[in-house]
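What follows is one structure encoded as structure tokens, with my remarks underneath.
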Amino acid sequence: MIMPVKNIIAAIVFAVIGIGYGSLASGLPDRAGIGVPGPAFFPQLIAGLIVFLSMALAYKGISGLRDFDQHQNGSAFPIKTIGLIAWFTAFIFSLSYLGFLFAGIPFFAGLMMMCQSRRWLQVTIGAATIPIVLFYLFRDGFQILLPHAQWL
Amino acid sequence: MSDVALGFQQAAQFSSLIATAIGVLLGLVVGMIPGMTISTGIIIVLPMTFALDPNISIALLLGLYVAGMTGGSFSAILLNIPGTPSASATAIDGYPMADKGEPGRALGIAIVASFIGGLFSFGCLYLISPFLADLALDFQAVDLFALVFFGLTVICSFAAKSLVKGLMSAAIGLMVVSIGQDPIMGTARFTFGDANLLSGVHFLTAMIGLFAIPQLVENICTEDSIRNDNNTRIGVRGVIPSLSDLKRMLVPVSIGAPIGSFLGVLPGAGGPIAAFISYDYAKKANNNPETFGKGATEGIAAPESANNAVTGGALIPMMTLGIPGDPVTAILIGALLVHGLAPGPMLFIERADFAYGLIFSFFWANIFNLVIALAGIGALVKVLATPRALMMPTIALLCVIGSYALRNSFFDVWVMLGFGVIGLGMRWLNMPVVPLLLALVLGKPLEEHLRIALTASQGDLTVFVSSPYSVFFLSLAALSVVWSLVLEPRREKAKQARLASGV
């Protein structure tokens, strides 16, 4: 997708966010006196700023479309990035059930493979040792307790 | 005993010195790995510092900060791939010198120039900070608002290629900051009944996501970064600069160090700008400018002294005003807040020993940086051959640990991931994350001072022009915005011209 189109899409998203945020802010309780800014004052100011900047971004996008060089290429669909974020999400989700160690080992192995590591011995040793070392380093070295498996 | 002596004593304690040395070692390693920024390095180390004494924590982080700048030049010189953006200018002459068979000489010049730049900025930090903190004590709410506002606008102007995107990034940060209890009345805002949101989004959690996740994605998903593995078979000898090189370094270092220290003070300006400006001035001041770009000693010394001088400069507004000059100092503010220490003018009143301890830790960091880099360069460059397949998953785990360990909360880990996605979206849009990050730090004081000033004046807006400090900072803020508005079309035209000529 080319940058001017991205700008226009972003402008619409930001405008929606700004308006939603502003309307939520206007519902905040006003406990301040007359002429004194209350809790809604600052968020309303920010909401106004976001809406104004969205319009500026939309203008930038539209004028960019006019001047756009047809030879410029857009970026490809980031399928690997989405896969990585999904893998991260699965790891965090499993963290509370499996604990750091049991969730960390497959997560680590998966990331190693995403880094195009095809040496199975390296993947096995790396995924088995590094999460364990980190777990005990933080638990015993820095007194930071990491999540445990619920079923243990 | 005076506060200065107490500070020196704290920084010179064995545990602090060891922490500084470890920080320097880590900084050199982190800095030299292409694709790893100093901010990411500090984020990785951060969870380990939670359990440490504040003096030791800050010594470790400062060591990493200082050495990270120097480490960036190693890969710039040896591989022509700057480890950090600040080292980009160093590659122009560093790599040709290494290519001519003198990698040790180029590295030695970079290390010594970094040391001199760092030491100069230590002098500035030591002399200016107490004076500035004293001055800042006179500031009223309206002045503080104007100062914070200036800090934010100047970051938006400097950090972004597009002012609109820079301001939008800051506005998103301010929106995030408004989640939780408001700073004056304690009213819950945008919490949707969730107790986790009452205390707001933790700044460090957001930062881990914003910086580390996009970095990880880039390193794991980009084919080029994977292919760059194991391409280093480097032998480094003759690192100590000769007397003639030291003489040739004198002028460029005298240019680079003051420029770096000055630009470090300005929020958002940062190492890369300082390095390129110094390089340019050093070239203009040289009798043989045609040697630049072909491995000139001066071409390495000027940017290296400048980017290391930025570190001390950036610590000045952080310590005295609580305003971060760059992402790293923003993280340092977060690290100090975790330990219950709020940077700003009151730090020099309430915890002057700690403030001076920090300044002297910075001094030791520069000393260790010189010694460890010169002595260990041969072994350190081997790190460039570490498999990315082991490094990236380790960083991913450390990000999760860092966000979880802040409050022992899974909620924070989800927030970290959420900000990672926001960071990726911003990268997709070519929107800078630095204004957002600094808005997360400065948002609360901005709102607080604005509301106090307006409450005291009963909503009278002329209060903002009633104080000379306020007028000064607001004028600078306006100037930075106008400057950016003038520069942006020129940059766009230059880009179009480059595209048209096919360069």
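Labeling convention for the structure tokens: chains A, B, ... as they appear, residues from 1 per chain, ligands from 1 in order of appearance.
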
Legend entry - All residues 12 Å or closer to Asp134 of chain B, only C-alpha atoms, same chain fewer than 2 positions away omitted, as a PyMOL selection string: chain B and resi 128-132+136-139+319-321+344-349+352

Same residues, C-alpha atoms, output as a PDB file, in the first residue's frame:
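The new file again-v4.pdb reads:
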ATOM      1  CA  ILE B 128      25.577  23.151  34.558  1.00  0.00           C
ATOM      2  CA  SER B 129      23.190  20.757  36.325  1.00  0.00           C
ATOM      3  CA  PRO B 130      23.260  22.247  39.837  1.00  0.00           C
ATOM      4  CA  PHE B 131      22.988  25.766  38.394  1.00  0.00           C
ATOM      5  CA  LEU B 132      20.040  24.838  36.165  1.00  0.00           C
ATOM      6  CA  ALA B 136      14.283  25.715  37.897  1.00  0.00           C
ATOM      7  CA  LEU B 137      13.304  26.045  41.567  1.00  0.00           C
ATOM      8  CA  ASP B 138      12.026  29.551  40.774  1.00  0.00           C
ATOM      9  CA  PHE B 139       9.633  28.214  38.128  1.00  0.00           C
ATOM     10  CA  MET B 319      18.188  15.510  35.960  1.00  0.00           C
ATOM     11  CA  THR B 320      17.425  19.161  36.469  1.00  0.00           C
ATOM     12  CA  LEU B 321      14.018  19.572  34.815  1.00  0.00           C
ATOM     13  CA  GLY B 344      13.836  17.312  38.495  1.00  0.00           C
ATOM     14  CA  PRO B 345      15.101  20.283  40.488  1.00  0.00           C
ATOM     15  CA  MET B 346      13.970  18.754  43.783  1.00  0.00           C
ATOM     16  CA  LEU B 347      16.360  15.833  43.251  1.00  0.00           C
ATOM     17  CA  PHE B 348      19.249  18.203  43.973  1.00  0.00           C
ATOM     18  CA  ILE B 349      17.540  19.337  47.195  1.00  0.00           C
ATOM     19  CA  ALA B 352      21.636  15.689  46.298  1.00  0.00           C
TER      20      ALA B 352
END

Inset, instruction - Could you find all residues in segment 120-365 of chain B that DSSP calls alpha helix (DSSP H) from the backbone, and write them as a PyMOL selection string? - result: chain B and resi 120-136+141-159+163-177+203-207+213-221+223-227+243-265+270-285+297-321+327-338+347-350+352-365

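In this comparison, which uses only C-alpha atoms, the residue of B:Ser244, B:Asn287, B:Thr187, B:Thr40 approaching chain A most closely is B:Thr187.
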
Inset, instruction - Give me, as a list in words, the contact residues of chain B against chain A at a cut-off of 6 Å, counting only C-alpha atoms. - result: Ala51, Ile220, Ala389, Pro393, Thr455, Gln458 and Gly459 of chain B

Inset, instruction - One decimal, Å: what's the distance from atom CA of Ser403 of chain B over to atom CA of Ala206 of chain B, could you say? - result: 8.6 Å

Legend entry - Interatomic distance (Å, one decimal) between atom CA of Thr84 of chain B and atom CA of Ala302 of chain B: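 These atoms are spaced 16.3 Å apart.
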